[in-house]
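Trainee: Before I ask anything, here is the structure I am working with.
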Amino acid sequence: MARSIVQEFTKGLWDEVPPFRLVLGLCPVLAVTKTVENGIGMGIATTFVLVCSNVLVSSLRKVIPPKVRIACYIVIIATFVTVVELVMQAFAYPLFLKLGIFIPLIVVNCVVLGRSEAFASKNGVLRSLLDGLGIGIGFTLSLAALAAVRELLGTGSLTIWKDWDLVFNTFGPSYQPFTFMVEAPGAFVALGLMLCLMNLVGNK
Amino acid sequence: MREMIKMIIVMTILATLSGGLLAAIRDNTQERIENQVLEFVKGPAIRSILKEATNDPIVDRFQLKVDDVEHTFFVGVFEGEPRAVTFETSGKGYGGDVGLMVGIDVTNNQIVGVGVTTHAETPGMGAKAQTDPSFVAQFRELPLDQPVNVTTDGGNINAISGATITSRAVTSATNDALKIFEKAKPQLTEKLQEFK
């Protein structure tokens, strides 16, 4: 079942899109998707960590002793997560305040460790890079999609990126917000409905 | 045996490289992060206290040691005169420390205003200390020579209803600030001349 190089990239966008197909990394998916902006920010941070750690794990795959591989992966991943945390604090502090604890928690995101263990440790650098990029973009889009549904129903507006004035009051001021959707239980419901929809479309 | 040595070597090299990289990035971003924290955490309080200042108080700041504790003072320039300083103190609130920015007018010897920076108080109750401007407005133009207290303690600050502990945290932080100011006044007035 060898895939072409292009397929390594595109599989992350639909066939293996993390939250909906692999059902991995759900903690940030549920926690930060209150606004589209948060979802995109979290997605970009995770993508960066995924790509960097995939490339490094893949290029070191012959050096890392199998018995301590998980520890090595964690060191690599934690390093990149700290890089993201510092850079985000320096250049996007308001976003850092909103994502808060979930940035350091990327270290234990199953998607990142899962790709290192299941893919990068067995494949070449280029393939791992594309795999990380594909999965990362798929993850970002899923977060954005889920956040769009929740924010739209929960507040009646869409916040794509505040600094660029991409805030839309889609439903206007007369909309009665369905606040349940932006609370924690709403995240589960929205995720369940999205999964349901994905399966419905995928099975045809 | 060889395998074990290899494990140790690989892990050590990885951890060393990781540490080195992070230290380098930290060194290069530290100053920016400090500025961002000032801007977004303390900035709103400072700016609301020194609304009419003609300078940028976050840029015009200096550090001074008072009783071996380093405090950062932000300078407010009014009509060309560096007349006010704000600095942060904290009081014990209901959910932890309440950080308070206190602004003091050096020439008229009165409080310019106060503003809550960080807190973990109950939303809708103690958190009003930060969000409700009418509470902190009571501190405006109070004299420096007498301690500030809530009405239940014999003072004349009306506590936020249902949040006496938070209100006390704010008054005690203010009183701390007055004490610090009293001690630092000679050095402060000297330092302020630099901002003319």
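Residues are referred to by chain and number: the chain letter is A, B, ... according to the order shown in the structure tokens, the number counts from 1 in that chain, and ligands are numbered separately from 1 in the order shown.
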Kindly provide the residues of chain A that approach chain B to within 9 Å, each paired with its closest atom pair and their distance in Å to one decimal, based on only C-alpha atoms, listed by chain and increasing number, as a tab-separated table.
Mentor:
residue	atom	partner	partner_atom	distance
A:Val63	CA	B:Val10	CA	7.5
A:Ile64	CA	B:Val10	CA	6.7
A:Pro65	CA	B:Met7	CA	5.9
A:Pro66	CA	B:Met7	CA	8.9
A:Lys67	CA	B:Met7	CA	8.0
A:Val68	CA	B:Met7	CA	6.9
A:Ala71	CA	B:Met11	CA	8.2
A:Cys72	CA	B:Met11	CA	6.5
A:Val75	CA	B:Ala15	CA	6.8
A:Ile76	CA	B:Ser18	CA	7.3
A:Ala78	CA	B:Ser18	CA	8.9
A:Thr79	CA	B:Ser18	CA	5.9
A:Phe80	CA	B:Ser18	CA	8.8
A:Thr82	CA	B:Leu22	CA	7.4
A:Val83	CA	B:Leu22	CA	6.7
A:Leu86	CA	B:Arg26	CA	6.9
A:Val87	CA	B:Thr29	CA	7.2
A:Gln89	CA	B:Ile33	CA	5.8
A:Ala90	CA	B:Ile33	CA	4.5
A:Phe91	CA	B:Arg32	CA	7.9
A:Ala92	CA	B:Gln36	CA	8.6
A:Tyr93	CA	B:Gln36	CA	6.4
A:Pro94	CA	B:Phe40	CA	7.3
Trainee: If you count only C-alpha atoms, which residues fall within 12 Å of Pro44 (chain B), apart from same-chain ones fewer than 4 positions away, as a count of residues only?
Mentor: 20
Trainee: Tell me, as a ChimeraX atom specification, which residues lie within 12 Å of region 119-126 of chain B, counting only C-alpha atoms; anything in the same chain fewer than 4 positions away does not count.
Mentor: /B:41-42,90-101,115,130-132,135,159-170
Trainee: Quick one: everything within 8 Å of Gln110 (chain B), counting only C-alpha atoms, minus sequence neighbours fewer than 5 positions away in the same chain. Send it as a PyMOL selection string.
Mentor: chain B and resi 104-105+141-144
